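S.K.: Please find model_37.pdb (PDB, C-alpha atoms, pLDDT in the B column) on the next line:
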```
ATOM      1  CA  MET A 699     111.666 106.673  96.564  1.00 89.00           C
ATOM      2  CA  VAL A 700     115.154 107.032  98.039  1.00 96.00           C
ATOM      3  CA  ARG A 701     115.442 105.502 101.510  1.00 97.00           C
ATOM      4  CA  VAL A 702     117.531 107.579 103.924  1.00 98.00           C
ATOM      5  CA  MET A 703     118.801 106.930 107.434  1.00 98.00           C
ATOM      6  CA  VAL A 704     119.954 109.843 109.621  1.00 98.00           C
ATOM      7  CA  VAL A 705     122.655 109.254 112.244  1.00 97.00           C
ATOM      8  CA  ASP A 706     123.305 112.168 114.625  1.00 96.00           C
ATOM      9  CA  ASP A 707     123.505 112.298 118.414  1.00 95.00           C
ATOM     10  CA  HIS A 708     121.848 115.726 118.725  1.00 95.00           C
ATOM     11  CA  PRO A 709     118.061 115.094 118.849  1.00 95.00           C
ATOM     12  CA  MET A 710     116.993 118.540 117.614  1.00 95.00           C
ATOM     13  CA  TRP A 711     119.428 118.479 114.699  1.00 94.00           C
ATOM     14  CA  ARG A 712     118.575 114.850 113.871  1.00 96.00           C
ATOM     15  CA  ASP A 713     114.843 115.563 113.903  1.00 96.00           C
ATOM     16  CA  GLY A 714     115.289 118.690 111.795  1.00 96.00           C
ATOM     17  CA  VAL A 715     117.288 116.846 109.142  1.00 97.00           C
ATOM     18  CA  ALA A 716     114.743 114.015 109.073  1.00 97.00           C
ATOM     19  CA  ARG A 717     111.913 116.521 108.710  1.00 97.00           C
ATOM     20  CA  ASP A 718     113.626 118.335 105.824  1.00 97.00           C
ATOM     21  CA  LEU A 719     114.188 115.017 104.048  1.00 98.00           C
ATOM     22  CA  THR A 720     110.594 113.900 104.517  1.00 97.00           C
ATOM     23  CA  GLU A 721     109.242 117.225 103.256  1.00 97.00           C
ATOM     24  CA  ALA A 722     111.486 116.894 100.183  1.00 97.00           C
ATOM     25  CA  GLY A 723     109.982 113.496  99.326  1.00 97.00           C
ATOM     26  CA  TYR A 724     112.563 111.119 100.789  1.00 97.00           C
ATOM     27  CA  GLU A 725     111.598 108.092 102.855  1.00 97.00           C
ATOM     28  CA  VAL A 726     113.360 108.442 106.194  1.00 98.00           C
ATOM     29  CA  VAL A 727     113.593 104.820 107.304  1.00 97.00           C
ATOM     30  CA  ALA A 728     115.421 105.532 110.580  1.00 97.00           C
ATOM     31  CA  ALA A 729     116.870 108.361 112.656  1.00 97.00           C
ATOM     32  CA  VAL A 730     119.271 107.220 115.377  1.00 97.00           C
ATOM     33  CA  GLY A 731     121.798 108.767 117.715  1.00 96.00           C
ATOM     34  CA  GLU A 732     124.466 106.113 118.289  1.00 96.00           C
ATOM     35  CA  GLY A 733     126.901 104.276 116.047  1.00 94.00           C
ATOM     36  CA  ARG A 734     126.226 100.711 117.164  1.00 94.00           C
ATOM     37  CA  GLN A 735     122.514 101.344 116.950  1.00 96.00           C
ATOM     38  CA  ALA A 736     122.999 102.692 113.420  1.00 96.00           C
ATOM     39  CA  LEU A 737     124.804  99.525 112.337  1.00 95.00           C
ATOM     40  CA  ARG A 738     122.080  97.291 113.774  1.00 95.00           C
ATOM     41  CA  VAL A 739     119.237  99.323 112.303  1.00 96.00           C
ATOM     42  CA  ALA A 740     120.906  99.640 108.886  1.00 95.00           C
ATOM     43  CA  GLU A 741     120.944  95.860 108.530  1.00 93.00           C
ATOM     44  CA  ALA A 742     117.176  95.818 109.049  1.00 94.00           C
ATOM     45  CA  VAL A 743     116.046  98.856 107.034  1.00 95.00           C
ATOM     46  CA  ARG A 744     118.639  98.778 104.201  1.00 94.00           C
ATOM     47  CA  PRO A 745     118.891 102.530 103.475  1.00 96.00           C
ATOM     48  CA  ASP A 746     120.071 103.811 100.094  1.00 96.00           C
ATOM     49  CA  VAL A 747     121.775 106.820 101.681  1.00 97.00           C
ATOM     50  CA  VAL A 748     123.039 107.383 105.223  1.00 97.00           C
ATOM     51  CA  VAL A 749     123.416 110.971 106.429  1.00 98.00           C
ATOM     52  CA  LEU A 750     126.129 110.519 109.041  1.00 97.00           C
ATOM     53  CA  ASP A 751     127.584 112.767 111.723  1.00 96.00           C
ATOM     54  CA  LEU A 752     131.196 112.043 112.667  1.00 92.00           C
ATOM     55  CA  GLN A 753     130.901 112.793 116.389  1.00 91.00           C
ATOM     56  CA  LEU A 754     128.909 109.996 118.012  1.00 94.00           C
ATOM     57  CA  PRO A 755     128.958 108.913 121.684  1.00 92.00           C
ATOM     58  CA  ASP A 756     130.056 105.303 121.187  1.00 93.00           C
ATOM     59  CA  LEU A 757     131.758 104.860 117.800  1.00 90.00           C
ATOM     60  CA  SER A 758     133.427 107.321 115.478  1.00 89.00           C
ATOM     61  CA  GLY A 759     131.672 108.210 112.257  1.00 90.00           C
ATOM     62  CA  ALA A 760     134.496 106.526 110.344  1.00 89.00           C
ATOM     63  CA  GLU A 761     133.927 103.259 112.241  1.00 91.00           C
ATOM     64  CA  VAL A 762     130.233 103.433 111.409  1.00 93.00           C
ATOM     65  CA  ALA A 763     130.973 104.201 107.747  1.00 91.00           C
ATOM     66  CA  ARG A 764     133.237 101.152 107.462  1.00 88.00           C
ATOM     67  CA  GLY A 765     130.477  98.932 108.835  1.00 90.00           C
ATOM     68  CA  LEU A 766     127.588 100.178 106.712  1.00 89.00           C
ATOM     69  CA  GLY A 767     128.219  98.004 103.671  1.00 77.00           C
ATOM     70  CA  GLY A 768     126.442  98.993 100.478  1.00 77.00           C
ATOM     71  CA  ALA A 769     124.744 102.239 101.541  1.00 89.00           C
ATOM     72  CA  LYS A 770     126.003 105.507 100.063  1.00 93.00           C
ATOM     73  CA  ILE A 771     127.266 107.735 102.849  1.00 95.00           C
ATOM     74  CA  LEU A 772     126.976 111.523 103.045  1.00 96.00           C
ATOM     75  CA  VAL A 773     128.837 112.890 106.060  1.00 95.00           C
ATOM     76  CA  LEU A 774     127.164 115.925 107.602  1.00 95.00           C
ATOM     77  CA  SER A 775     129.596 117.303 110.157  1.00 92.00           C
ATOM     78  CA  ALA A 776     130.483 120.498 111.991  1.00 91.00           C
ATOM     79  CA  SER A 777     134.153 119.794 111.234  1.00 88.00           C
ATOM     80  CA  ALA A 778     135.975 120.794 108.065  1.00 84.00           C
ATOM     81  CA  GLU A 779     139.355 119.634 109.373  1.00 84.00           C
ATOM     82  CA  GLN A 780     141.564 117.843 106.838  1.00 80.00           C
ATOM     83  CA  GLU A 781     142.061 114.805 109.078  1.00 82.00           C
ATOM     84  CA  ASP A 782     138.311 114.322 109.572  1.00 86.00           C
ATOM     85  CA  VAL A 783     137.508 114.703 105.872  1.00 85.00           C
ATOM     86  CA  LEU A 784     140.173 112.273 104.688  1.00 83.00           C
ATOM     87  CA  GLU A 785     139.369 109.723 107.382  1.00 85.00           C
ATOM     88  CA  ALA A 786     135.693 109.780 106.387  1.00 86.00           C
ATOM     89  CA  VAL A 787     136.467 109.335 102.689  1.00 84.00           C
ATOM     90  CA  LYS A 788     138.915 106.512 103.350  1.00 82.00           C
ATOM     91  CA  ALA A 789     136.228 104.828 105.471  1.00 85.00           C
ATOM     92  CA  GLY A 790     133.822 104.830 102.530  1.00 86.00           C
ATOM     93  CA  ALA A 791     131.979 108.166 102.556  1.00 88.00           C
ATOM     94  CA  SER A 792     131.121 109.369  99.058  1.00 85.00           C
ATOM     95  CA  GLY A 793     130.319 112.906 100.158  1.00 89.00           C
ATOM     96  CA  TYR A 794     131.140 115.396 102.908  1.00 91.00           C
ATOM     97  CA  LEU A 795     129.076 118.450 103.779  1.00 92.00           C
ATOM     98  CA  VAL A 796     129.603 120.830 106.689  1.00 92.00           C
ATOM     99  CA  LYS A 797     126.617 121.655 108.882  1.00 92.00           C
ATOM    100  CA  SER A 798     126.748 125.312 107.916  1.00 90.00           C
ATOM    101  CA  ALA A 799     125.338 124.332 104.494  1.00 91.00           C
ATOM    102  CA  GLY A 800     121.858 125.615 103.672  1.00 93.00           C
ATOM    103  CA  ARG A 801     118.767 123.432 103.377  1.00 94.00           C
ATOM    104  CA  GLU A 802     118.717 123.415  99.564  1.00 95.00           C
ATOM    105  CA  GLU A 803     122.431 122.669  99.373  1.00 94.00           C
ATOM    106  CA  PHE A 804     121.952 119.761 101.761  1.00 96.00           C
ATOM    107  CA  LEU A 805     118.970 118.312  99.867  1.00 96.00           C
ATOM    108  CA  ASP A 806     120.850 118.637  96.579  1.00 95.00           C
ATOM    109  CA  ALA A 807     123.820 116.828  98.142  1.00 94.00           C
ATOM    110  CA  VAL A 808     121.554 113.961  99.260  1.00 96.00           C
ATOM    111  CA  ALA A 809     120.058 113.672  95.761  1.00 95.00           C
ATOM    112  CA  ARG A 810     123.481 113.633  94.125  1.00 92.00           C
ATOM    113  CA  THR A 811     124.861 111.157  96.650  1.00 93.00           C
ATOM    114  CA  ALA A 812     121.928 108.854  95.917  1.00 94.00           C
ATOM    115  CA  SER A 813     122.665 109.069  92.177  1.00 91.00           C
ATOM    116  CA  GLY A 814     126.331 108.171  92.707  1.00 87.00           C
ATOM    117  CA  ASP A 815     128.016 111.565  92.579  1.00 86.00           C
ATOM    118  CA  ALA A 816     130.843 112.511  94.931  1.00 83.00           C
ATOM    119  CA  VAL A 817     129.634 115.663  96.677  1.00 87.00           C
ATOM    120  CA  PHE A 818     131.760 117.930  98.849  1.00 85.00           C
ATOM    121  CA  THR A 819     131.457 121.309 100.493  1.00 83.00           C
ATOM    122  CA  PRO A 820     133.339 123.811  98.282  1.00 76.00           C
ATOM    123  CA  GLY A 821     137.046 123.626  99.034  1.00 71.00           C
ATOM    124  CA  LEU A 822     137.025 120.098 100.417  1.00 74.00           C
ATOM    125  CA  ALA A 823     137.078 118.362  97.019  1.00 63.00           C
ATOM    126  CA  GLY A 824     140.479 119.855  96.250  1.00 65.00           C
ATOM    127  CA  LEU A 825     141.718 118.556  99.583  1.00 65.00           C
ATOM    128  CA  VAL A 826     140.587 115.012  98.805  1.00 65.00           C
ATOM    129  CA  LEU A 827     141.950 115.058  95.261  1.00 61.00           C
ATOM    130  CA  GLY A 828     145.237 116.486  96.496  1.00 63.00           C
ATOM    131  CA  GLU A 829     145.614 113.633  98.964  1.00 62.00           C
ATOM    132  CA  TYR A 830     144.858 111.065  96.286  1.00 59.00           C
ATOM    133  CA  ARG A 831     147.440 112.642  93.980  1.00 55.00           C
ATOM    134  CA  ARG A 832     150.000 112.495  96.780  1.00 62.00           C
ATOM    135  CA  LEU A 833     149.270 108.808  97.340  1.00 57.00           C
ATOM    136  CA  ALA A 834     149.335 108.106  93.619  1.00 53.00           C
ATOM    137  CA  ALA A 835     152.765 109.745  93.313  1.00 55.00           C
ATOM    138  CA  ARG A 836     154.375 107.300  95.721  1.00 54.00           C
ATOM    139  CA  PRO A 837     156.402 104.615  93.948  1.00 53.00           C
ATOM    140  CA  ALA A 838     154.587 101.296  93.823  1.00 47.00           C
ATOM    141  CA  ALA A 839     154.575  98.265  91.591  1.00 40.00           C
ATOM    142  CA  GLN A 840     151.238  98.139  89.809  1.00 47.00           C
ATOM    143  CA  ALA A 841     149.905  95.064  88.096  1.00 45.00           C
ATOM    144  CA  GLU A 842     148.093  95.429  84.826  1.00 52.00           C
ATOM    145  CA  GLY A 843     144.487  96.263  85.620  1.00 58.00           C
ATOM    146  CA  PRO A 844     141.253  95.068  84.025  1.00 69.00           C
ATOM    147  CA  ARG A 845     140.587  96.142  80.459  1.00 79.00           C
ATOM    148  CA  LEU A 846     137.992  98.879  80.051  1.00 84.00           C
ATOM    149  CA  THR A 847     136.165  99.659  76.821  1.00 86.00           C
ATOM    150  CA  ASP A 848     136.955 102.912  75.011  1.00 85.00           C
ATOM    151  CA  ARG A 849     133.647 104.369  76.180  1.00 89.00           C
ATOM    152  CA  GLU A 850     134.239 103.327  79.791  1.00 88.00           C
ATOM    153  CA  THR A 851     137.675 104.931  79.657  1.00 88.00           C
ATOM    154  CA  GLU A 852     136.189 108.103  78.180  1.00 89.00           C
ATOM    155  CA  VAL A 853     133.580 108.276  80.948  1.00 90.00           C
ATOM    156  CA  LEU A 854     136.233 107.545  83.569  1.00 88.00           C
ATOM    157  CA  ARG A 855     138.390 110.395  82.257  1.00 87.00           C
ATOM    158  CA  LEU A 856     135.478 112.816  82.697  1.00 88.00           C
ATOM    159  CA  VAL A 857     134.747 111.445  86.164  1.00 83.00           C
ATOM    160  CA  ALA A 858     138.382 112.155  87.067  1.00 79.00           C
ATOM    161  CA  LYS A 859     137.934 115.750  85.896  1.00 78.00           C
ATOM    162  CA  GLY A 860     135.074 116.141  88.356  1.00 75.00           C
ATOM    163  CA  LEU A 861     132.068 116.196  86.045  1.00 81.00           C
ATOM    164  CA  SER A 862     128.731 114.990  87.404  1.00 83.00           C
ATOM    165  CA  TYR A 863     126.851 112.212  85.627  1.00 85.00           C
ATOM    166  CA  ARG A 864     124.533 114.801  84.079  1.00 88.00           C
ATOM    167  CA  GLN A 865     127.461 116.832  82.748  1.00 89.00           C
ATOM    168  CA  ILE A 866     129.093 113.684  81.342  1.00 91.00           C
ATOM    169  CA  ALA A 867     125.838 112.702  79.644  1.00 90.00           C
ATOM    170  CA  ASP A 868     125.583 116.157  78.029  1.00 91.00           C
ATOM    171  CA  ARG A 869     129.247 116.100  76.949  1.00 90.00           C
ATOM    172  CA  LEU A 870     129.031 112.647  75.345  1.00 91.00           C
ATOM    173  CA  VAL A 871     125.424 112.981  74.120  1.00 90.00           C
ATOM    174  CA  LEU A 872     124.321 109.990  76.195  1.00 88.00           C
ATOM    175  CA  SER A 873     121.440 109.434  78.571  1.00 89.00           C
ATOM    176  CA  HIS A 874     122.011 109.868  82.299  1.00 86.00           C
ATOM    177  CA  ARG A 875     121.163 106.167  82.764  1.00 86.00           C
ATOM    178  CA  THR A 876     123.767 105.097  80.183  1.00 89.00           C
ATOM    179  CA  VAL A 877     126.464 107.059  81.990  1.00 90.00           C
ATOM    180  CA  GLN A 878     125.436 105.450  85.291  1.00 87.00           C
ATOM    181  CA  ASN A 879     125.645 102.014  83.671  1.00 87.00           C
ATOM    182  CA  HIS A 880     129.142 102.704  82.319  1.00 89.00           C
ATOM    183  CA  VAL A 881     130.297 103.882  85.758  1.00 89.00           C
ATOM    184  CA  GLN A 882     128.761 100.863  87.496  1.00 87.00           C
ATOM    185  CA  ASN A 883     130.383  98.483  84.991  1.00 87.00           C
ATOM    186  CA  THR A 884     133.720 100.188  85.587  1.00 89.00           C
ATOM    187  CA  LEU A 885     133.300  99.935  89.371  1.00 86.00           C
ATOM    188  CA  ASN A 886     132.540  96.224  89.028  1.00 85.00           C
ATOM    189  CA  LYS A 887     135.548  95.582  86.767  1.00 85.00           C
ATOM    190  CA  LEU A 888     137.912  97.461  89.057  1.00 85.00           C
ATOM    191  CA  GLN A 889     136.355  96.035  92.236  1.00 82.00           C
ATOM    192  CA  LEU A 890     135.791  99.527  93.632  1.00 83.00           C
ATOM    193  CA  HIS A 891     132.912 100.616  95.837  1.00 78.00           C
ATOM    194  CA  ASN A 892     132.075 104.244  95.063  1.00 79.00           C
ATOM    195  CA  ARG A 893     132.845 107.228  92.902  1.00 77.00           C
ATOM    196  CA  VAL A 894     135.482 108.608  95.264  1.00 79.00           C
ATOM    197  CA  GLU A 895     137.530 105.411  94.897  1.00 81.00           C
ATOM    198  CA  LEU A 896     136.974 105.641  91.138  1.00 83.00           C
ATOM    199  CA  VAL A 897     138.413 109.162  91.070  1.00 81.00           C
ATOM    200  CA  ARG A 898     141.452 107.947  92.970  1.00 79.00           C
ATOM    201  CA  TYR A 899     141.958 105.111  90.481  1.00 83.00           C
ATOM    202  CA  ALA A 900     141.631 107.539  87.555  1.00 81.00           C
ATOM    203  CA  ILE A 901     144.241 109.852  89.081  1.00 76.00           C
ATOM    204  CA  GLU A 902     146.607 106.917  89.616  1.00 75.00           C
ATOM    205  CA  GLN A 903     146.186 106.066  85.924  1.00 78.00           C
ATOM    206  CA  GLY A 904     146.942 109.648  84.851  1.00 75.00           C
ATOM    207  CA  LEU A 905     143.459 110.327  83.479  1.00 75.00           C
ATOM    208  CA  ASP A 906     143.007 113.673  85.261  1.00 62.00           C
ATOM    209  CA  ASP A 907     144.937 115.777  82.745  1.00 56.00           C
ATOM    210  CA  ASP A 908     142.825 118.878  83.363  1.00 50.00           C
ATOM    211  CA  PRO A 909     142.039 120.581  86.696  1.00 43.00           C
ATOM    212  CA  PRO A 910     138.918 119.388  88.567  1.00 41.00           C
ATOM    213  CA  ARG A 911     135.668 120.940  87.388  1.00 40.00           C
ATOM    214  CA  ALA A 912     133.102 122.647  89.627  1.00 37.00           C
ATOM    215  CA  GLY A 913     130.788 119.645  89.525  1.00 39.00           C
ATOM    216  CA  PHE A 914     133.079 117.822  91.953  1.00 39.00           C
ATOM    217  CA  SER A 915     134.161 120.735  94.085  1.00 37.00           C
ATOM    218  CA  GLY A 916     130.796 122.042  95.178  1.00 39.00           C
ATOM    219  CA  ALA A 917     127.761 120.274  96.550  1.00 37.00           C
ATOM    220  CA  GLY A 918     125.402 122.630  94.757  1.00 37.00           C
ATOM    221  CA  ALA A 919     126.985 122.238  91.328  1.00 36.00           C
ATOM    222  CA  ASP A 920     125.337 120.124  88.660  1.00 36.00           C
TER     223      ASP A 920
END
```
I need this file expressed as structure tokens, please.
M.R.:
Amino acid sequence: MVRVMVVDDHPMWRDGVARDLTEAGYEVVAAVGEGRQALRVAEAVRPDVVVLDLQLPDLSGAEVARGLGGAKILVLSASAEQEDVLEAVKAGASGYLVKSAGREEFLDAVARTASGDAVFTPGLAGLVLGEYRRLAARPAAQAEGPRLTDRETEVLRLVAKGLSYRQIADRLVLSHRTVQNHVQNTLNKLQLHNRVELVRYAIEQGLDDDPPRAGFSGAGAD
């Protein structure tokens, strides 16, 4: 069972999100309303996924995200502003959903975040990828990176194109678990933390030859 912590300073919204998660079969290990409290509680309950609002009374959502360590972070925010989205991703969020999303879209985003996918409200994925391309285009001396196997490179190329793990598995005729293992091995070799950072690396290496696919650009896509 996936362990989820909800961080939101609005009690009614926080309780509603926790209830939806519980009804969908998730184990809600904590629901808190402040950033410092979230950091303390996360150390004790060790959630797999943190559903995080950006507007908190004591710390910013980005500050909380940077302090959460190994948990996968899905931002659930009322804001779709470019600055907020990019700050959250740079702080470690692997997904970003606006609060206008429907219940099923939200639950699907939590499931995909837990499985390692990068999930964004439609339109926001292009924003994130565009920023990473801009950063990758800046001149910089790059040392030779770790050597990936041919299969790892093939999987990485498809990740860069925005395919979900399930889509990659279907494309390469592999099991979902095998694709996850290849991605995790690649993350370990490159010393990266999540799929969003992996996409950035792939773009920097020129592996995103084709436009992003729908699997990355919409939270409800497979």
S.K.: Kindly indicate which residue among A:Val881, A:Asp718, A:Ala809, A:His874 lies nearest to A:Leu856, using only C-alpha atoms for the distances.
M.R.: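 Checking each of A:Val881, A:Asp718, A:Ala809, A:His874 against A:Leu856, counting only C-alpha atoms, the winner is A:Val881.
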S.K.: Would you mind telling me which residue in A:Thr811, A:Ser798, A:Gln882, A:Ser792 lies nearest to A:Val894 when using all atoms listed in the file?
M.R.: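 Going through A:Thr811, A:Ser798, A:Gln882, A:Ser792 one by one, the smallest distance to A:Val894 is for A:Ser792.
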S.K.: Could you tell me which residues the PyMOL selection byres ((chain A and resi 769-781) around 7) returns for this structure, as a PyMOL selection string?
M.R.: chain A and resi 745-752+766-768+782-785+791-797+811-812
S.K.: Counting only C-alpha atoms, what is within 9 Å of A:Glu761, bar same-chain residues fewer than 6 positions away, as a PyMOL selection string?
M.R.: chain A and resi 733+786+789
S.K.: Have a look at A:Arg717, A:Arg744, A:His880, A:Lys788 and name the one nearest to A:Ala760; count only C-alpha atoms.
M.R.: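 Closest to A:Ala760 of all the choices is A:Lys788.
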S.K.: Where does the PyMOL selection byres ((chain A and resi 900) around 10) land in this file, that is, which residues does it pick, as a list in words?
M.R.: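 Applied to this file, the PyMOL selection byres ((chain A and resi 900) around 10) selects Tyr830, Ala834, Thr851, Leu854, Arg855, Leu856, Val857, Ala858, Lys859, Val894, Glu895, Leu896, Val897, Arg898, Tyr899, Ile901, Glu902, Gln903, Gly904, Leu905 and Asp906 of chain A.
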S.K.: Next, the residues of the selection above should be written as a PDB file, keeping the file's coordinate frame with C-alpha atoms.
M.R.:
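result28.pdb, freshly written:
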```
ATOM      1  CA  TYR A 830     144.858 111.065  96.286  1.00 59.00           C
ATOM      2  CA  ALA A 834     149.335 108.106  93.619  1.00 53.00           C
ATOM      3  CA  THR A 851     137.675 104.931  79.657  1.00 88.00           C
ATOM      4  CA  LEU A 854     136.233 107.545  83.569  1.00 88.00           C
ATOM      5  CA  ARG A 855     138.390 110.395  82.257  1.00 87.00           C
ATOM      6  CA  LEU A 856     135.478 112.816  82.697  1.00 88.00           C
ATOM      7  CA  VAL A 857     134.747 111.445  86.164  1.00 83.00           C
ATOM      8  CA  ALA A 858     138.382 112.155  87.067  1.00 79.00           C
ATOM      9  CA  LYS A 859     137.934 115.750  85.896  1.00 78.00           C
ATOM     10  CA  VAL A 894     135.482 108.608  95.264  1.00 79.00           C
ATOM     11  CA  GLU A 895     137.530 105.411  94.897  1.00 81.00           C
ATOM     12  CA  LEU A 896     136.974 105.641  91.138  1.00 83.00           C
ATOM     13  CA  VAL A 897     138.413 109.162  91.070  1.00 81.00           C
ATOM     14  CA  ARG A 898     141.452 107.947  92.970  1.00 79.00           C
ATOM     15  CA  TYR A 899     141.958 105.111  90.481  1.00 83.00           C
ATOM     16  CA  ILE A 901     144.241 109.852  89.081  1.00 76.00           C
ATOM     17  CA  GLU A 902     146.607 106.917  89.616  1.00 75.00           C
ATOM     18  CA  GLN A 903     146.186 106.066  85.924  1.00 78.00           C
ATOM     19  CA  GLY A 904     146.942 109.648  84.851  1.00 75.00           C
ATOM     20  CA  LEU A 905     143.459 110.327  83.479  1.00 75.00           C
ATOM     21  CA  ASP A 906     143.007 113.673  85.261  1.00 62.00           C
TER      22      ASP A 906
END
```
S.K.: Excluding same-chain residues fewer than 5 positions from A:Val705, what lies within 6 Å of it counting only C-alpha atoms, as number ranges by chain?
M.R.: A: 729-731, 750
S.K.: Would you work out the distance separating atom CA of A:Leu719 from atom CA of A:Val702, expressed in Å to one decimal?
M.R.: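 It comes out at 8.2 Å.
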S.K.: Could you tell me how far atom CA of A:Ser758 lies from atom CA of A:Gly800, in Å and to one decimal?
M.R.: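 Rounded to one decimal, the two atoms are 24.7 Å apart.
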S.K.: Which of these residues is nearest to A:Phe804, using all atoms listed in the file: A:Leu822, A:Ala722, A:Leu754, A:Val743?
M.R.: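 Looking at the shortest contact to A:Phe804, the residue is A:Ala722.
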S.K.: Just to confirm, what's the straight-line distance from atom CA of A:Ala799 to atom CA of A:Glu732 in Å (one decimal)?
M.R.: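 Spanning atom CA of A:Ala799 to atom CA of A:Glu732 is a straight-line distance of 22.9 Å.
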S.K.: Put a box with edges along x, y and z around all the listed atoms of stretch 804-818 of chain A, pad it by 5 Å on each side, then give me its centre and sizes in Å, one decimal, as lines of an AutoDock Vina configuration file.
M.R.:
```
center_x = 125.4
center_y = 114.0
center_z = 97.0
size_x = 22.8
size_y = 21.6
size_z = 19.6
```
S.K.: For A:Ala742, which of A:Ala728, A:Arg764, A:Val715, A:Glu721 is the closest residue, counting all atoms listed in the file?
M.R.: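 Smallest distance to A:Ala742 is found for A:Ala728.
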S.K.: When you get a chance, write out all heavy atoms for stretch 750-756 of chain A, as a CSV table (one decimal), in the frame of the given file.
M.R.:
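This is the output file result.csv:
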```
chain,number,residue,atom,x,y,z
A,750,LEU,N,125.4,111.0,107.9
A,750,LEU,CA,126.1,110.5,109.0
A,750,LEU,C,126.9,111.6,109.7
A,750,LEU,O,127.7,112.3,109.0
A,750,LEU,CB,127.1,109.4,108.6
A,750,LEU,CG,128.1,108.8,109.6
A,750,LEU,CD1,127.3,108.1,110.8
A,750,LEU,CD2,129.0,107.9,109.0
A,751,ASP,N,126.7,111.9,111.0
A,751,ASP,CA,127.6,112.8,111.7
A,751,ASP,C,128.8,112.0,112.1
A,751,ASP,O,128.8,110.8,112.4
A,751,ASP,CB,126.8,113.3,113.0
A,751,ASP,CG,127.6,114.4,113.7
A,751,ASP,OD1,128.5,114.9,113.1
A,751,ASP,OD2,127.2,114.6,114.9
A,752,LEU,N,130.0,112.7,112.3
A,752,LEU,CA,131.2,112.0,112.7
A,752,LEU,C,131.3,111.9,114.2
A,752,LEU,O,132.0,111.0,114.7
A,752,LEU,CB,132.4,112.8,112.1
A,752,LEU,CG,132.6,112.8,110.6
A,752,LEU,CD1,133.9,113.6,110.3
A,752,LEU,CD2,132.7,111.4,110.1
A,753,GLN,N,130.7,112.8,114.9
A,753,GLN,CA,130.9,112.8,116.4
A,753,GLN,C,129.7,112.1,117.0
A,753,GLN,O,128.6,112.6,117.2
A,753,GLN,CB,131.0,114.2,116.9
A,753,GLN,CG,132.1,115.0,116.3
A,753,GLN,CD,133.5,114.4,116.5
A,753,GLN,OE1,133.8,113.9,117.6
A,753,GLN,NE2,134.4,114.5,115.6
A,754,LEU,N,129.9,110.8,117.4
A,754,LEU,CA,128.9,110.0,118.0
A,754,LEU,C,129.4,109.5,119.4
A,754,LEU,O,130.6,109.4,119.6
A,754,LEU,CB,128.6,108.8,117.1
A,754,LEU,CG,128.0,109.1,115.7
A,754,LEU,CD1,127.9,107.9,114.9
A,754,LEU,CD2,126.7,109.8,115.8
A,755,PRO,N,128.5,109.2,120.3
A,755,PRO,CA,129.0,108.9,121.7
A,755,PRO,C,129.7,107.6,121.9
A,755,PRO,O,130.4,107.4,122.8
A,755,PRO,CB,127.6,108.9,122.5
A,755,PRO,CG,126.6,108.7,121.5
A,755,PRO,CD,127.0,109.3,120.2
A,756,ASP,N,129.5,106.6,121.0
A,756,ASP,CA,130.1,105.3,121.2
A,756,ASP,C,131.1,104.9,120.1
A,756,ASP,O,132.2,104.5,120.5
A,756,ASP,CB,129.0,104.2,121.2
A,756,ASP,CG,128.1,104.2,120.0
A,756,ASP,OD1,128.1,105.2,119.2
A,756,ASP,OD2,127.3,103.3,119.9
```
